[in-house]
$ cat my_file-v7.txt   # compact mmCIF, C-alpha atoms and all ligand atoms
# COMPACT_ATOMS: atom_id res chain seq x y z
CA MET A 243 1.38 17.36 -78.60
CA GLY A 244 4.28 18.60 -80.78
CA ASN A 245 7.75 17.08 -80.48
CA ASN A 246 8.12 17.25 -76.72
CA PRO A 247 8.74 13.64 -75.63
CA SER A 248 7.27 14.38 -72.21
CA ASN A 249 3.87 14.67 -73.92
CA THR A 250 4.04 11.11 -75.14
CA ILE A 251 6.06 9.26 -72.47
CA PRO A 252 4.42 8.97 -69.06
CA GLU A 253 7.65 10.05 -67.39
CA ARG A 254 6.56 9.71 -63.78
CA SER A 255 5.39 6.13 -64.10
CA LEU A 256 8.43 5.24 -66.21
CA ASN A 257 10.71 6.57 -63.50
CA ARG A 258 8.83 4.63 -60.89
CA ASP A 259 8.93 1.43 -62.93
CA CYS A 260 12.71 1.72 -62.89
CA ILE A 261 12.93 1.78 -59.08
CA THR A 262 13.53 -1.89 -58.54
CA LEU A 263 14.39 -3.35 -55.17
CA SER A 264 18.15 -3.66 -55.74
CA ARG A 265 18.36 -0.06 -56.96
CA HIS A 266 16.30 1.15 -54.02
CA VAL A 267 18.72 -0.39 -51.51
CA LEU A 268 21.65 1.50 -53.06
CA GLN A 269 19.58 4.67 -53.13
CA GLU A 270 18.73 4.28 -49.43
CA LEU A 271 22.34 3.65 -48.44
CA LYS A 272 23.50 6.55 -50.63
CA SER A 273 26.54 4.50 -51.52
CA PHE A 274 28.04 2.10 -54.02
CA SER A 275 30.47 0.72 -51.40
CA PRO A 276 31.08 -3.05 -51.28
CA ASP A 277 28.81 -3.35 -48.23
CA ALA A 278 26.01 -1.50 -50.00
CA GLN A 279 26.47 -3.67 -53.12
CA ASP A 280 26.30 -6.77 -50.91
CA LEU A 281 23.03 -5.70 -49.30
CA SER A 282 21.58 -4.78 -52.67
CA SER A 283 22.53 -8.20 -54.12
CA LEU A 284 21.21 -9.95 -51.02
CA MET A 285 17.83 -8.27 -51.40
CA ASN A 286 17.82 -9.11 -55.08
CA ARG A 287 18.31 -12.81 -54.30
CA ILE A 288 15.59 -12.70 -51.63
CA ALA A 289 13.32 -11.14 -54.25
CA LEU A 290 14.13 -14.00 -56.63
CA ALA A 291 13.13 -16.48 -53.92
CA GLY A 292 9.86 -14.55 -53.53
CA LYS A 293 9.18 -14.74 -57.28
CA LEU A 294 9.83 -18.48 -57.39
CA ILE A 295 7.59 -19.16 -54.39
CA SER A 296 4.90 -16.85 -55.75
CA ARG A 297 4.93 -18.70 -59.09
CA ARG A 298 4.62 -22.07 -57.37
CA LEU A 299 1.79 -20.87 -55.11
CA SER A 300 -0.21 -19.37 -57.94
CA ARG A 301 -0.39 -22.73 -59.74
CA ALA A 302 -0.25 -25.04 -56.73
CA GLY A 303 -3.78 -26.42 -57.10
CA LEU A 304 -3.18 -27.33 -60.75
CA LEU A 305 0.00 -29.32 -60.24
CA GLU A 306 0.48 -32.84 -58.90
CA GLY A 307 2.19 -33.28 -55.54
CA VAL A 308 2.48 -29.63 -54.54
CA LEU A 309 -0.15 -29.31 -51.81
CA GLY A 310 -0.65 -31.34 -48.64
CA PHE A 311 1.64 -32.74 -45.98
CA THR A 312 4.94 -34.57 -46.40
CA GLY A 313 4.21 -36.85 -43.43
CA GLU A 314 7.25 -35.46 -41.57
CA VAL A 315 7.28 -33.43 -38.35
CA ASN A 316 9.77 -30.54 -38.08
CA VAL A 317 11.98 -29.51 -35.16
CA GLN A 318 9.05 -27.44 -33.81
CA GLY A 319 6.90 -30.56 -33.60
CA GLU A 320 4.67 -29.26 -36.42
CA SER A 321 3.52 -31.27 -39.42
CA VAL A 322 5.45 -30.23 -42.49
CA LYS A 323 3.74 -29.22 -45.73
CA LYS A 324 5.28 -29.97 -49.13
CA LEU A 325 5.34 -26.25 -49.82
CA ASP A 326 7.30 -25.59 -46.60
CA ILE A 327 10.04 -27.86 -47.94
CA TYR A 328 9.91 -26.40 -51.44
CA ALA A 329 10.15 -22.82 -50.17
CA ASN A 330 12.90 -23.73 -47.72
CA GLN A 331 14.92 -25.18 -50.60
CA VAL A 332 14.25 -22.15 -52.82
CA PHE A 333 16.06 -19.85 -50.38
CA ILE A 334 19.00 -22.26 -50.25
CA SER A 335 19.15 -22.56 -54.03
CA VAL A 336 19.07 -18.83 -54.75
CA PHE A 337 22.05 -18.29 -52.44
CA GLU A 338 24.20 -21.08 -53.86
CA GLN A 339 27.25 -19.73 -55.71
CA SER A 340 26.29 -16.21 -54.68
CA GLY A 341 29.40 -15.46 -52.64
CA LEU A 342 26.99 -13.72 -50.26
CA VAL A 343 25.56 -16.00 -47.63
CA CYS A 344 27.69 -18.52 -45.82
CA ARG A 345 24.86 -19.90 -43.71
CA LEU A 346 21.07 -20.10 -43.67
CA ALA A 347 18.88 -20.92 -40.68
CA SER A 348 15.16 -21.54 -40.94
CA GLU A 349 12.11 -22.87 -39.20
CA GLU A 350 12.32 -26.03 -41.25
CA MET A 351 15.94 -26.98 -40.43
CA GLU A 352 17.08 -28.12 -37.02
CA LYS A 353 20.65 -26.90 -37.66
CA PRO A 354 21.92 -24.10 -39.88
CA TYR A 355 22.73 -24.99 -43.48
CA TYR A 356 26.20 -24.04 -44.74
CA ILE A 357 27.18 -23.16 -48.29
CA PRO A 358 30.94 -23.68 -47.93
CA GLU A 359 31.89 -22.21 -51.32
CA ASN A 360 30.40 -18.88 -50.23
CA CYS A 361 32.03 -18.79 -46.80
CA PRO A 362 35.41 -17.23 -47.58
CA ILE A 363 33.73 -14.06 -48.84
CA GLY A 364 30.08 -14.31 -47.81
CA ARG A 365 30.01 -13.07 -44.26
CA TYR A 366 26.24 -12.99 -43.90
CA THR A 367 23.61 -15.33 -42.50
CA LEU A 368 20.03 -15.46 -43.71
CA VAL A 369 17.40 -16.43 -41.13
CA TYR A 370 13.95 -17.12 -42.52
CA ASP A 371 10.50 -18.61 -42.21
CA PRO A 372 10.00 -19.95 -45.75
CA ILE A 373 6.20 -20.22 -45.56
CA ASP A 374 4.49 -18.42 -42.74
CA GLY A 375 0.88 -19.40 -42.20
CA SER A 376 1.19 -22.74 -43.94
CA SER A 377 -2.24 -23.85 -42.70
CA ASN A 378 -3.59 -21.36 -45.28
CA VAL A 379 -1.78 -22.96 -48.19
CA ASP A 380 -4.20 -25.77 -49.02
CA ILE A 381 -7.20 -23.43 -48.99
CA ASN A 382 -5.73 -20.74 -51.24
CA LEU A 383 -5.51 -18.01 -48.62
CA ASN A 384 -2.67 -15.59 -48.06
CA VAL A 385 0.68 -16.78 -46.75
CA GLY A 386 4.07 -15.11 -46.45
CA SER A 387 7.81 -15.51 -46.06
CA ILE A 388 9.78 -13.73 -43.33
CA PHE A 389 13.51 -12.99 -43.55
CA ALA A 390 16.39 -11.23 -41.84
CA VAL A 391 20.05 -10.83 -42.68
CA ARG A 392 22.66 -10.92 -39.92
CA ARG A 393 26.41 -10.51 -40.09
CA GLN A 394 28.38 -13.63 -39.37
CA GLN A 395 30.56 -13.12 -36.28
CA GLY A 396 33.95 -14.76 -35.98
CA ASP A 397 34.98 -17.97 -37.69
CA ASP A 398 32.79 -20.31 -35.72
CA LEU A 399 31.30 -22.50 -38.39
CA LYS A 400 30.01 -25.03 -35.92
CA GLU A 401 26.49 -26.29 -36.05
CA GLU A 402 25.51 -24.54 -32.82
CA ALA A 403 25.83 -21.13 -34.52
CA THR A 404 26.02 -19.44 -31.13
CA ASP A 405 26.99 -16.16 -32.79
CA LEU A 406 23.42 -15.96 -34.12
CA LEU A 407 22.10 -15.70 -30.59
CA GLN A 408 22.04 -11.92 -30.42
CA ASP A 409 19.42 -9.23 -30.05
CA GLY A 410 17.19 -7.89 -32.81
CA TYR A 411 19.22 -4.72 -33.34
CA GLN A 412 21.97 -6.86 -34.90
CA GLN A 413 19.81 -7.37 -38.00
CA LEU A 414 21.13 -5.68 -41.15
CA ALA A 415 17.99 -6.18 -43.22
CA ALA A 416 14.58 -7.61 -42.42
CA GLY A 417 11.19 -7.95 -43.98
CA TYR A 418 8.51 -10.14 -45.44
CA ILE A 419 6.99 -11.23 -48.69
CA LEU A 420 3.20 -11.39 -48.70
CA TYR A 421 1.64 -13.73 -51.25
CA GLY A 422 -1.81 -12.14 -51.51
CA PRO A 423 -3.87 -10.91 -54.47
CA SER A 424 -0.55 -9.41 -55.53
CA THR A 425 2.87 -10.41 -54.26
CA MET A 426 4.40 -7.74 -52.10
CA LEU A 427 7.81 -7.36 -50.53
CA VAL A 428 8.21 -5.04 -47.54
CA TYR A 429 11.68 -4.41 -46.14
CA THR A 430 13.87 -2.32 -43.91
CA ILE A 431 17.62 -1.84 -43.75
CA GLY A 432 17.29 0.62 -40.90
CA THR A 433 16.25 3.55 -43.08
CA GLY A 434 12.48 3.23 -42.75
CA VAL A 435 10.08 0.74 -44.27
CA HIS A 436 9.43 0.44 -47.98
CA SER A 437 7.07 -1.74 -50.01
CA PHE A 438 7.34 -3.23 -53.47
CA ILE A 439 4.80 -5.02 -55.64
CA LEU A 440 5.71 -7.80 -58.02
CA ASP A 441 4.76 -6.77 -61.54
CA PRO A 442 4.29 -10.17 -63.21
CA SER A 443 4.66 -8.68 -66.68
CA LEU A 444 8.16 -7.45 -65.79
CA GLY A 445 9.08 -10.13 -63.27
CA GLU A 446 10.36 -7.32 -61.04
CA PHE A 447 9.42 -5.91 -57.66
CA ILE A 448 8.60 -2.25 -58.31
CA LEU A 449 8.49 0.43 -55.62
CA ALA A 450 4.98 0.92 -54.25
CA GLN A 451 5.41 3.04 -51.10
CA GLU A 452 8.40 4.59 -49.34
CA ASN A 453 8.80 5.39 -45.64
CA ILE A 454 5.59 3.72 -44.52
CA GLN A 455 4.44 4.95 -41.11
CA ILE A 456 2.18 2.84 -38.94
CA PRO A 457 -0.66 4.84 -37.32
CA GLU A 458 0.02 5.62 -33.66
CA HIS A 459 -3.26 3.92 -32.80
CA GLY A 460 -5.64 1.81 -34.85
CA PRO A 461 -8.85 -0.20 -34.59
CA ILE A 462 -7.55 -3.71 -35.24
CA TYR A 463 -6.80 -6.29 -32.55
CA SER A 464 -5.52 -9.55 -33.92
CA VAL A 465 -5.32 -12.58 -31.64
CA ASN A 466 -6.46 -16.21 -31.64
CA GLU A 467 -9.33 -15.99 -29.16
CA GLY A 468 -9.63 -19.77 -29.25
CA ASN A 469 -6.81 -19.69 -26.70
CA PHE A 470 -8.81 -17.47 -24.29
CA TRP A 471 -8.83 -19.94 -21.39
CA GLN A 472 -5.18 -20.82 -22.00
CA TRP A 473 -3.97 -17.26 -21.41
CA ASP A 474 -2.95 -15.42 -18.33
CA GLU A 475 -5.80 -13.49 -16.69
CA SER A 476 -4.21 -10.14 -17.68
CA ILE A 477 -4.59 -10.95 -21.41
CA ARG A 478 -8.19 -12.02 -20.83
CA GLU A 479 -8.77 -8.67 -19.09
CA TYR A 480 -7.34 -6.81 -22.11
CA VAL A 481 -9.62 -8.71 -24.50
CA ARG A 482 -12.63 -8.09 -22.25
CA TYR A 483 -11.72 -4.40 -22.36
CA VAL A 484 -11.68 -4.23 -26.20
CA HIS A 485 -14.98 -6.10 -26.25
CA SER A 486 -16.50 -3.55 -23.91
CA VAL A 487 -15.63 -0.29 -25.70
CA ASP A 488 -16.49 1.04 -29.14
CA GLY A 489 -14.04 1.25 -32.00
CA TYR A 490 -12.23 -2.10 -32.03
CA VAL A 491 -12.29 -4.56 -34.92
CA SER A 492 -11.11 -8.16 -34.69
CA ARG A 493 -9.07 -9.61 -37.59
CA TYR A 494 -7.09 -12.85 -37.53
CA SER A 495 -6.07 -14.76 -40.65
CA GLY A 496 -3.81 -17.54 -39.33
CA ALA A 497 -0.84 -16.02 -41.15
CA LEU A 498 1.22 -13.58 -39.16
CA VAL A 499 2.57 -11.82 -42.25
CA GLY A 500 -0.91 -10.90 -43.51
CA ASP A 501 -2.13 -9.83 -40.08
CA ILE A 502 0.95 -7.66 -39.48
CA HIS A 503 0.70 -6.13 -42.95
CA ARG A 504 -2.87 -5.04 -42.23
CA ILE A 505 -1.76 -3.52 -38.93
CA LEU A 506 1.20 -1.76 -40.56
CA MET A 507 -1.17 -0.10 -43.02
CA GLN A 508 -4.23 0.50 -40.79
CA GLY A 509 -2.95 0.45 -37.20
CA GLY A 510 -3.73 -1.78 -34.26
CA VAL A 511 -2.06 -4.64 -32.45
CA PHE A 512 -1.24 -8.30 -33.05
CA LEU A 513 -0.67 -10.51 -30.06
CA TYR A 514 0.38 -14.10 -29.55
CA PRO A 515 0.74 -14.41 -25.78
CA GLY A 516 2.01 -17.39 -23.85
CA THR A 517 -0.49 -20.16 -23.11
CA GLN A 518 -0.68 -22.78 -20.39
CA LYS A 519 0.75 -25.36 -22.78
CA GLN A 520 3.32 -23.00 -24.31
CA PRO A 521 4.34 -20.30 -21.80
CA ASN A 522 6.46 -18.57 -24.47
CA GLY A 523 3.71 -18.69 -27.04
CA LYS A 524 4.18 -20.10 -30.51
CA LEU A 525 6.21 -17.64 -32.53
CA ARG A 526 9.95 -17.91 -32.96
CA LEU A 527 12.20 -15.00 -32.04
CA LEU A 528 14.97 -15.20 -34.65
CA TYR A 529 13.04 -15.67 -37.86
CA GLU A 530 9.50 -14.49 -37.08
CA SER A 531 9.24 -12.00 -34.23
CA ALA A 532 12.57 -10.12 -34.41
CA PRO A 533 12.44 -9.38 -38.19
CA LEU A 534 8.83 -8.19 -38.00
CA GLY A 535 9.57 -6.36 -34.76
CA TRP A 536 12.44 -4.34 -36.22
CA LEU A 537 10.38 -3.55 -39.31
CA ILE A 538 7.42 -2.32 -37.25
CA GLU A 539 9.74 -0.24 -35.04
CA GLN A 540 11.26 1.27 -38.18
CA ALA A 541 7.73 2.26 -39.24
CA GLY A 542 7.20 4.06 -35.91
CA GLY A 543 5.50 1.17 -34.09
CA LYS A 544 6.49 -0.94 -31.13
CA VAL A 545 7.25 -4.58 -30.30
CA SER A 546 7.25 -6.20 -26.88
CA ASN A 547 7.20 -9.57 -25.16
CA GLY A 548 4.89 -8.07 -22.56
CA ARG A 549 7.69 -7.14 -20.20
CA GLU A 550 10.34 -5.46 -22.36
CA ASN A 551 11.32 -4.32 -25.84
CA LEU A 552 11.50 -7.55 -27.80
CA LEU A 553 14.40 -6.25 -29.88
CA ARG A 554 16.60 -6.34 -26.76
CA VAL A 555 15.87 -10.00 -26.08
CA VAL A 556 18.63 -12.52 -26.84
CA PRO A 557 17.39 -16.00 -27.80
CA ASP A 558 18.92 -18.92 -25.91
CA HIS A 559 18.72 -21.20 -28.93
CA LEU A 560 18.03 -21.02 -32.65
CA HIS A 561 14.36 -21.96 -32.42
CA ALA A 562 13.51 -20.09 -29.20
CA ARG A 563 9.92 -18.89 -28.93
CA THR A 564 8.64 -15.67 -27.44
CA PRO A 565 5.33 -14.06 -26.56
CA LEU A 566 4.71 -11.33 -29.15
CA ILE A 567 2.83 -8.03 -28.89
CA ILE A 568 3.41 -5.85 -31.92
CA GLY A 569 1.87 -2.93 -33.76
CA SER A 570 0.87 0.68 -33.13
CA LYS A 571 2.68 2.28 -30.22
CA ARG A 572 -0.37 3.19 -28.16
CA ASP A 573 -2.03 -0.18 -28.69
CA VAL A 574 1.06 -2.17 -27.69
CA GLU A 575 1.42 0.03 -24.61
CA LEU A 576 -2.22 -0.60 -23.70
CA VAL A 577 -1.65 -4.38 -23.74
CA GLU A 578 1.54 -3.91 -21.70
CA SER A 579 -0.37 -1.86 -19.12
CA PHE A 580 -2.80 -4.76 -18.58
CA ILE A 581 0.12 -7.16 -18.18
CA LYS A 582 1.78 -4.84 -15.67
CA LYS A 583 -1.43 -4.53 -13.66
CA GLY A 584 -1.77 -8.31 -13.67
P1 LIG B 601 4.05 -21.17 -39.51
O1 LIG B 601 3.08 -21.50 -40.60
O2 LIG B 601 5.34 -20.59 -40.03
O3 LIG B 601 4.27 -22.29 -38.53
O4 LIG B 601 3.47 -19.96 -38.68
C1 LIG B 601 2.15 -19.96 -38.28
C2 LIG B 601 2.03 -18.93 -37.22
C3 LIG B 601 1.61 -17.55 -37.67
O5 LIG B 601 1.67 -17.28 -39.02
C4 LIG B 601 0.21 -17.39 -37.19
O6 LIG B 601 -0.01 -16.09 -36.75
C5 LIG B 601 0.09 -18.37 -36.09
O7 LIG B 601 1.06 -19.36 -36.31
C6 LIG B 601 -1.25 -19.01 -36.04
O8 LIG B 601 -1.26 -19.90 -34.98
P2 LIG B 601 -2.62 -20.39 -34.31
O9 LIG B 601 -3.30 -21.28 -35.29
O10 LIG B 601 -2.18 -21.09 -33.06
O11 LIG B 601 -3.43 -19.15 -34.01
MN MN B 602 5.58 -18.63 -39.25
MN MN B 603 6.62 -21.47 -41.53
$ encode --input "my_file-v7.txt" --output "structure tokens" --more "lines below"
Ligand code: AHG
Ligand code: MN
Ligand code: MN
Amino acid sequence: MGNNPSNTIPERSLNRDCITLSRHVLQELKSFSPDAQDLSSLMNRIALAGKLISRRLSRAGLLEGVLGFTGEVNVQGESVKKLDIYANQVFISVFEQSGLVCRLASEEMEKPYYIPENCPIGRYTLVYDPIDGSSNVDINLNVGSIFAVRRQQGDDLKEEATDLLQDGYQQLAAGYILYGPSTMLVYTIGTGVHSFILDPSLGEFILAQENIQIPEHGPIYSVNEGNFWQWDESIREYVRYVHSVDGYVSRYSGALVGDIHRILMQGGVFLYPGTQKQPNGKLRLLYESAPLGWLIEQAGGKVSNGRENLLRVVPDHLHARTPLIIGSKRDVELVESFIKKG
């Protein structure tokens, strides 16, 4: 006891409680330069979007008019949920008058959305999937948001946004927010992968784990086996193989963010291959597969479209889809070897 304050203040946990997301970004970049400040503020705004969506989700079943469908169909041909629209608007609202983001592009908007007052100084674009796994929303299961920040190239402010059609290594920041038992934000800015947990009593994302490494191999395989007869024979052969040997565990939640988070922590592979109806599969390159792909690569894992490194693939339009194989290095390579044989 005595007068030593270190006996009374839990210094370690106090220090940790002070490592908020925006501070962590500056710490990682080892700089207070304008670019570093921009990235830090960008992540802070993304975190605010995560808090707003998390709050809405946690009370959704108690409020009128929050759950269910809007009756509209989006540019993907998918039925839109009210929460998809809410979350899409949240990201727009948090970036208004921010001077940060000139343009946002998401799953729920056919064309990019411009915030003209930000454009003279905000040279960034946010690409995002506001609610990933929206079929889980009405049954109170986990969902997520996926995001990436890209630098705006040139002065082309046309609706086509052709400057966005670049490979995954052009991302400046990427990550996801997982709305599970706790709300978690996992991000990379090219210096490893770091996770934060929302402390509701503080209203802040607090550092949980730094430099997360995905196991080189893991037991999980995550795929919608309902599509078995829709796949190419090589994918069926891979699945027959994991059925035939010991040590594999199947997990599939219907929300990519949750499935990838499990694989990041425990190892294994997620795959959404092409099907007869959709040869490029279901998942979108710019705002689903590339952000998660870069993050998994930053954690020591691998991402592929079955033929090549997915991060080298350039989309031919904003909503382009791609087959996705992602996770532990050895497990992704095993799937690739079946595809090659096929
Ligand atoms: P979204 O809700 O953004 O449209 O994404 C759903 C995605 C992804 O989260 C999930 O892995 C996959 O679709 C599930 O699709 P299937 O029901 O076809 O397996
Ligand atoms: Mn999605
Ligand atoms: Mn979505």
$ residues_around --input "my_file-v7.txt" --residues "range 364-370 of chain A" --least-positions-apart "5" --cutoff "7 Å" --atoms "only C-alpha atoms" --output "CSV table (one decimal) with C-alpha atoms, in the frame of the given file"
chain,number,residue,atom,x,y,z
A,341,GLY,CA,29.4,-15.5,-52.6
A,342,LEU,CA,27.0,-13.7,-50.3
A,343,VAL,CA,25.6,-16.0,-47.6
A,344,CYS,CA,27.7,-18.5,-45.8
A,345,ARG,CA,24.9,-19.9,-43.7
A,346,LEU,CA,21.1,-20.1,-43.7
A,347,ALA,CA,18.9,-20.9,-40.7
A,348,SER,CA,15.2,-21.5,-40.9
A,349,GLU,CA,12.1,-22.9,-39.2
A,388,ILE,CA,9.8,-13.7,-43.3
A,389,PHE,CA,13.5,-13.0,-43.6
A,390,ALA,CA,16.4,-11.2,-41.8
A,391,VAL,CA,20.0,-10.8,-42.7
A,392,ARG,CA,22.7,-10.9,-39.9
A,393,ARG,CA,26.4,-10.5,-40.1
A,394,GLN,CA,28.4,-13.6,-39.4
A,529,TYR,CA,13.0,-15.7,-37.9
$ atom_distance --input "my_file-v7.txt" --atom1 "CA of Ile581 in chain A" --atom2 "CA of Ile567 in chain A"
11.1 Å
$ residues_around --input "my_file-v7.txt" --residues "Ser424 in chain A" --least-positions-apart "5" --cutoff "9 Å" --atoms "all atoms listed in the file" --output "JSON, numbers by chain"
{"A": [439, 440, 441]}
$ residues_near_ligand --input "my_file-v7.txt" --ligand "ligand MN 603 (chain B)" --cutoff "10 Å" --atoms "all atoms listed in the file" --output "PyMOL selection string"
chain A and resi 320+322-323+325-327+329-330+348-350+370-377+385-388+497-498+525-526+529-530
$ axis_aligned_box --input "my_file-v7.txt" --around "ligand LIG 601 (chain B)" --padding-each-side "3 Å" --output "lines of an AutoDock Vina configuration file"
center_x = 1.0
center_y = -19.2
center_z = -36.8
size_x = 14.8
size_y = 12.2
size_z = 13.5
$ atom_distance --input "my_file-v7.txt" --atom1 "CA of Ser296 in chain A" --atom2 "CA of Tyr355 in chain A"
23.1 Å
$ closest_residue --input "my_file-v7.txt" --among "A:Gln318, A:Ser437, A:Ser546, A:Gln395" --to "ligand LIG 601 (chain B)" --atoms "all atoms listed in the file"
A:Gln318
$ atom_distance --input "my_file-v7.txt" --atom1 "CA of Asn360 in chain A" --atom2 "CA of Leu560 in chain A"
21.6 Å
$ closest_residue --input "my_file-v7.txt" --among "A:Gln413, A:His436, A:Ser476, A:Lys324" --to "Gly307 in chain A" --atoms "only C-alpha atoms"
A:Lys324
$ closest_residue --input "my_file-v7.txt" --among "A:Ile505, A:Leu414, A:Ala278, A:Ile363" --to "Gly543 in chain A" --atoms "only C-alpha atoms"
A:Ile505
